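Undergrad: Here you go, one structure.
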Amino acid sequence: MYRLRRALTSVIAASALFAVAACSTSANTENGTGSGTSLTFLTFETPALTAKFWDDSITDALKSVPDTKINKIVSPNTDRNAYAKQLQASGQFPDILSSINPKDFIEANLLTPFDKAWLEENFLLPGANNIKGSTYIPPTNSQILPMVFYNKDVFAKNNITVPKTWAEFMTVVGKLKAAGVTPIELAGAEPWSASMPLVGLMSAHVLGKRPTWVADRYAGAAKFTDADVVAAVTKQRDLIQAGAFGKGALGVNYADANKQFLDGKSGMYLMGSWFIGQIKPEQAASFGSFLLPTEDGSLVVPFNVGGTTAVSAKAPDVAKATAFAKAWSLSPNNLRTLIETDGAFPMMKKLKLEDFGAKVTPVFTEAYTYVTSENTKVSSVGWVNNDDAMPPGVADLFYALSQQLFTNGDVKAQLAALDAAWDKAAGK
Amino acid sequence: MPSARTASRRRPLGLAPFLWVALLLYVAFLVYPVLNSLWTSFTDKNPLRAESSFVGFDNYTEMLTDERLRASLLFTVVVVVVVTLIANAIGLGFALLLNRQSVGYRVMRTLIFIPQVLSGVIVAIIWRSILTENGLLNAVLQRIGVTSAPVSWLGSTEMATLSLCAVVSWITIAFATVVYSASLRSVPPSLYEAAKMDGAGAVSRFRNVTFPMIAPGTTITVVLCLITTFKLYDVIAVLTGGGPANTTQSTAYYLIQLAFTNNLFGYSSAVAMLLLALTAGIAYLVTNVLRKREARL
């Protein structure tokens, strides 16, 4: 027993040592000078938005807010909302937060709105992120999600043209399948990326005809089990049954899906416009994009006006935090990085695309015309940051539904479960 | 030299501060959080709001009709049973194979322990890169001609569950191997010699000497496997994200979702209490059963 105890002690000691070692690194850093206000800034890092990007952007914004220090807090993953909630639960809600979905936080009076005059002065769609009449994240840039990216070489090789209607789209799927090419790439391993076909179908086929659908759902005047929603969601089942997605699509992660599509292993890829940032200039001639077709061929743009910095209503100096947030949001350098690496479409009133000096591909400029043109723009279901945002937790269930449809053909029952979850989350 | 009376007076005084510190730490970091969580489970607390209301047993009654909770419990039990069986069987096997006293075997025992000291997140990241569609495993299988198309290791409920069990077992086997190795070295060699003299073969020696004599090690390994697997979160979060379609959500994973995605602190605390009761109850039962076996030694 002595040896056993000794071994166990060693095991526990080693584990404790590694645990301490694992906890000893901290990504948090401090920028700024002087002995003035110290503010915390919640950020997140991706391959495109690196630590250097955040540090440089903070330094840049601080030039407009002297005598302020910024303590950068890095979210452990890209789910900034969940991390902000954890910080709030432990009494450490950040003073400034990047790219959060503000709806949950507003209901708890945790965020302070931006003044309307500043929004009107600086942004093309000043009210695009409005929640109950106020804006909590500046509408600096926008996304279309999903877009249908397609491989021009694969299309040309199989004599396929860009489909205009849903029937033509299904024909393209059939032709690609017959040619031995995976018709649609799907990053099915993660719910958010697996959701793209469903988001596209709901946005184009339901909100395209009834743009107020989400507001109606909140009011109880619309349901997921309504015939138009069932018909739209059934289209994803049709795609699955037609073999549109790869056999192991639910095991493919975002990075692998990107690679497979860019390597020409699939014909189309439904993804947010941020995917444009993944297409290298030397590849750009082979790729294009179109919008998910509707039954009658009418053009519907599933649109999301993204945001940058939200400000805590409990910040030690709300005025300074707001000044920093405004400076960060208006910085052309920051937006240039987002345009180049994240395919962000700028929505600034005083700056045109060329003013940013960003190097973009024809795929970007082609897609950007959907943003600048007059057309039917609807909320991208499950993704927007305004009044059309879903109740807490429902967006995740909606994303997961896209995965469930691969194994469960009872569309109506699954939509009824979503209705029940919505009512519960919305407190009805 | 102090008298016996002085010594008896000093001993408790000397130990008392350490006992108080230990007790204080125990209360601060275990008893208080558990009691706080228990209290929260009777409220409608939201992580975003300071105020909450007492809702009695509402959260507990809600659990009765929560299908996602039921699914997560079933999934957790499946993983716990599979991992505990695999970890103990293979851990014991490795321990028997490595039960030698040379430097080489000692090095191998250390190497086998590595997965246990790595963070679950790191292990999951490594395995995710191996199990992904374009990962190492599929590349090897395709290269040696076992399969022509890549296998979707994480793309269906069955395969994702299997993959998850394999990865968690890989971590737990390391721990089981070390505990069983230590247990095996505590078996008196004279027992084997006596068994040999009685004509017992290798299988008979294992069944009648080794297996009963390592009973304390079995108790520790089985109970700790049960407890650690019941609260499994990190590996799932990285490897499958609870998917596909929420089918690989453990109860621990589900309660974190409830708290920080659905903003249901009160309800997630009730689920945490259920998980605590289940884990403690099952661990207690299993410990009692295995202790009886130890008592027969």
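Chain lettering (A, B, ...) mirrors the order of the structure tokens, residue numbering begins at 1 for each chain separately, and ligand numbering begins at 1 in order of display.
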Taking only segment 94-205 of chain B into account, list the residues labelled alpha helix (DSSP H) by DSSP (computed from the backbone), as JSON, numbers by chain.
TA: {"B": [94, 95, 96, 97, 103, 104, 105, 106, 107, 108, 109, 110, 111, 112, 113, 114, 115, 116, 117, 120, 121, 122, 123, 124, 125, 126, 127, 128, 129, 130, 131, 136, 137, 138, 139, 140, 141, 142, 143, 157, 158, 159, 160, 161, 162, 163, 164, 165, 166, 167, 168, 169, 170, 171, 172, 173, 174, 175, 176, 177, 178, 179, 180, 181, 182, 183, 184, 185, 189, 190, 191, 192, 193, 194, 195, 196, 197, 202, 203, 204, 205]}
Undergrad: I need the contact residues of chain A against chain B, so if you could list those with any atom within 6 Å, counting only C-alpha atoms, and return them as a PyMOL selection string, that would help.
TA: chain A and resi 3-4+15+82+89+108+248+250-252+392-393+400+403-404
Undergrad: Which residues, written as a list in words, have at least one atom at most 8 Å from Thr322 of chain A, with only C-alpha atoms counted and residues fewer than 4 positions away on the same chain left out?
TA: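 Contacts, in chain order: Phe114, Val311, Val318 and Lys326 of chain A.
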Undergrad: For those residues, write all heavy atoms to a file as a compact mmCIF listing (two decimals), in the first residue's frame.
TA:
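What ended up in again.txt:
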```
# COMPACT_ATOMS: atom_id res chain seq x y z
N PHE A 114 -25.04 54.12 -28.32
CA PHE A 114 -24.29 55.20 -28.98
C PHE A 114 -25.28 56.29 -29.37
O PHE A 114 -26.45 56.01 -29.68
CB PHE A 114 -23.57 54.66 -30.22
CG PHE A 114 -22.39 53.79 -29.86
CD1 PHE A 114 -22.53 52.42 -29.73
CD2 PHE A 114 -21.14 54.36 -29.62
CE1 PHE A 114 -21.45 51.62 -29.38
CE2 PHE A 114 -20.06 53.57 -29.27
CZ PHE A 114 -20.21 52.19 -29.15
N VAL A 311 -20.11 49.12 -25.43
CA VAL A 311 -19.58 49.76 -24.22
C VAL A 311 -20.45 49.40 -23.01
O VAL A 311 -21.68 49.47 -23.07
CB VAL A 311 -19.56 51.30 -24.39
CG1 VAL A 311 -19.10 51.99 -23.11
CG2 VAL A 311 -18.64 51.69 -25.54
N VAL A 318 -17.62 55.89 -18.46
CA VAL A 318 -18.39 55.53 -19.66
C VAL A 318 -18.04 56.46 -20.83
O VAL A 318 -17.93 56.01 -21.98
CB VAL A 318 -19.91 55.56 -19.37
CG1 VAL A 318 -20.71 55.33 -20.63
CG2 VAL A 318 -20.27 54.50 -18.33
N LYS A 326 -15.64 54.48 -30.10
CA LYS A 326 -15.90 55.24 -31.35
C LYS A 326 -14.62 55.33 -32.18
O LYS A 326 -14.66 55.11 -33.40
CB LYS A 326 -16.40 56.65 -31.00
CG LYS A 326 -17.85 56.70 -30.54
CD LYS A 326 -18.24 58.14 -30.22
CE LYS A 326 -19.72 58.26 -29.87
NZ LYS A 326 -20.08 59.64 -29.53
```
Undergrad: Write out as a ChimeraX atom specification which residues come within 7 Å of segment 327-341 of chain A when counting only C-alpha atoms, dropping same-chain ones fewer than 4 positions away.
TA: /A:48,57,61,64,138,140,277,308-309,323,345,356,358-360
Undergrad: Store the residues picked out above in a file with N, CA and C atoms, as a short mmCIF file (atom, residue, chain, number, x, y, z; two decimals), in the first residue's frame.
TA:
```
data_model
loop_
_atom_site.label_atom_id
_atom_site.label_comp_id
_atom_site.auth_asym_id
_atom_site.auth_seq_id
_atom_site.Cartn_x
_atom_site.Cartn_y
_atom_site.Cartn_z
N ALA A 48 -7.00 35.41 -38.71
CA ALA A 48 -6.95 36.72 -39.37
C ALA A 48 -6.78 37.86 -38.37
N SER A 57 -4.42 47.96 -33.14
CA SER A 57 -5.69 48.70 -33.23
C SER A 57 -5.95 49.48 -31.94
N ALA A 61 -6.35 53.50 -31.65
CA ALA A 61 -7.54 54.16 -31.09
C ALA A 61 -7.18 55.03 -29.89
N SER A 64 -6.69 58.89 -29.93
CA SER A 64 -7.82 59.82 -29.80
C SER A 64 -8.33 59.92 -28.37
N PRO A 138 -21.67 49.83 -33.14
CA PRO A 138 -21.67 50.68 -34.34
C PRO A 138 -21.73 49.84 -35.61
N THR A 140 -20.46 49.26 -38.50
CA THR A 140 -19.29 49.61 -39.31
C THR A 140 -19.16 48.81 -40.60
N GLY A 277 -12.21 36.29 -47.66
CA GLY A 277 -10.86 36.52 -47.14
C GLY A 277 -9.96 35.31 -47.25
N THR A 308 -18.74 46.49 -34.16
CA THR A 308 -17.42 46.36 -33.57
C THR A 308 -17.53 46.45 -32.05
N THR A 309 -17.42 47.64 -31.51
CA THR A 309 -17.23 47.76 -30.07
C THR A 309 -18.50 48.17 -29.32
N ALA A 323 -15.63 56.94 -26.04
CA ALA A 323 -14.70 57.63 -26.95
C ALA A 323 -13.73 56.63 -27.57
N PHE A 345 -17.67 43.99 -45.56
CA PHE A 345 -18.11 45.03 -46.48
C PHE A 345 -18.27 46.33 -45.68
N PHE A 356 -9.89 52.93 -48.13
CA PHE A 356 -9.22 52.09 -47.12
C PHE A 356 -7.86 51.58 -47.60
N ALA A 358 -7.41 48.94 -49.20
CA ALA A 358 -7.38 47.48 -49.00
C ALA A 358 -7.17 46.77 -50.34
N LYS A 359 -6.41 45.67 -50.27
CA LYS A 359 -6.21 44.87 -51.48
C LYS A 359 -7.29 43.79 -51.49
N VAL A 360 -8.21 43.91 -52.43
CA VAL A 360 -9.30 42.93 -52.51
C VAL A 360 -9.31 42.25 -53.88
#
```
Undergrad: Could the residues of segment 40-59 of chain A that have an atom at most 8 Å from segment 91-106 of chain A be listed as a Markdown table, each with its closest atom pair and the distance in Å to one decimal, counting only C-alpha atoms and ordered by chain and ascending residue number?
TA:
```
| residue | atom | partner | partner_atom | distance |
| --- | --- | --- | --- | --- |
| A:Thr40 | CA | A:Asp95 | CA | 5.1 |
| A:Phe41 | CA | A:Ile96 | CA | 4.7 |
| A:Leu42 | CA | A:Leu97 | CA | 4.7 |
| A:Thr43 | CA | A:Ser98 | CA | 5.5 |
| A:Phe44 | CA | A:Ser98 | CA | 7.7 |
```
Undergrad: Quote the spacing between atom CA of Ala117 of chain A and atom CA of Met347 of chain A in Å to one decimal place.
TA: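 Atom CA of Met347 of chain A lies at a distance of 16.1 Å from atom CA of Ala117 of chain A.
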Undergrad: When you look at Asp115 of chain A with a cut-off of 12 Å (counting only C-alpha atoms), what residues show up, excluding the ones that are within fewer than 2 positions of it in the same chain? I need them as a list of chain:residue names.
TA: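 Selected residues are A:Thr112, A:Pro113, A:Ala117, A:Trp118, A:Leu119, A:Glu120, A:Glu121, A:Asn122, A:Pro126, A:Gly127, A:Asn130, A:Gly133, A:Ser134, A:Thr135, A:Tyr136, A:Ile137, A:Pro138, A:Ala319, A:Thr322, A:Ala323, A:Lys326.
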Undergrad: Could the residues in this selection be saved with C-alpha atoms as an mmCIF file, in the first residue's frame?
TA:
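File again38.cif, as written:
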```cif
data_model
loop_
_atom_site.group_PDB
_atom_site.id
_atom_site.type_symbol
_atom_site.label_atom_id
_atom_site.label_comp_id
_atom_site.auth_asym_id
_atom_site.auth_seq_id
_atom_site.Cartn_x
_atom_site.Cartn_y
_atom_site.Cartn_z
ATOM 1 C CA THR A 112 -24.823 51.885 -23.093
ATOM 2 C CA PRO A 113 -26.171 53.047 -26.482
ATOM 3 C CA ALA A 117 -26.078 61.987 -34.189
ATOM 4 C CA TRP A 118 -22.730 60.166 -34.305
ATOM 5 C CA LEU A 119 -24.341 57.136 -35.940
ATOM 6 C CA GLU A 120 -26.105 59.293 -38.528
ATOM 7 C CA GLU A 121 -22.912 61.171 -39.265
ATOM 8 C CA ASN A 122 -20.678 58.155 -39.808
ATOM 9 C CA PRO A 126 -27.176 53.988 -38.866
ATOM 10 C CA GLY A 127 -30.187 52.062 -37.600
ATOM 11 C CA ASN A 130 -31.159 48.914 -33.613
ATOM 12 C CA GLY A 133 -34.708 51.985 -31.063
ATOM 13 C CA SER A 134 -31.133 52.140 -29.734
ATOM 14 C CA THR A 135 -27.814 51.029 -31.199
ATOM 15 C CA TYR A 136 -25.259 49.318 -28.983
ATOM 16 C CA ILE A 137 -22.711 48.271 -31.595
ATOM 17 C CA PRO A 138 -21.667 50.682 -34.338
ATOM 18 C CA ALA A 319 -17.494 58.676 -21.620
ATOM 19 C CA THR A 322 -17.362 55.346 -25.504
ATOM 20 C CA ALA A 323 -14.696 57.634 -26.949
ATOM 21 C CA LYS A 326 -15.895 55.236 -31.348
#
```
Undergrad: Just give me the gap between atom CA of Phe406 of chain A and atom CA of Ser195 of chain A in Å, one decimal is fine.
TA: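 Interatomic distance, atom CA of Phe406 of chain A to atom CA of Ser195 of chain A: 11.9 Å.
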Undergrad: Please list as a list in words every residue within 8 Å of segment 372-381 of chain A, counting only C-alpha atoms and excluding residues in the same chain fewer than 2 positions away.
TA: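 Surrounding residues, per the criterion: Ile144, Leu145, Pro146, Val199, Gly200, Met202, Ser203, Ala204, Leu207, Gly208, Pro211, Leu299, Val300, Val301, Pro302, Phe303, Asn304, Tyr368, Thr369, Tyr370, Trp383, Val384, Asp388 and Ala389 of chain A.
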Undergrad: Within 12 Å of Pro197 of chain A, counting only C-alpha atoms, which residues show up once you throw out same-chain ones fewer than 6 positions away? Write them as a PyMOL selection string, please.
TA: chain A and resi 145-148+184-188+191+203-205+232-240+244-245+268-272+291-293+302+380-381+398-403+405
Undergrad: Atom CA of Ala395 of chain A and atom CA of Ala252 of chain B, how far apart in Å?
TA: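 Atom CA of Ala395 of chain A lies at a distance of 20.6 Å from atom CA of Ala252 of chain B.
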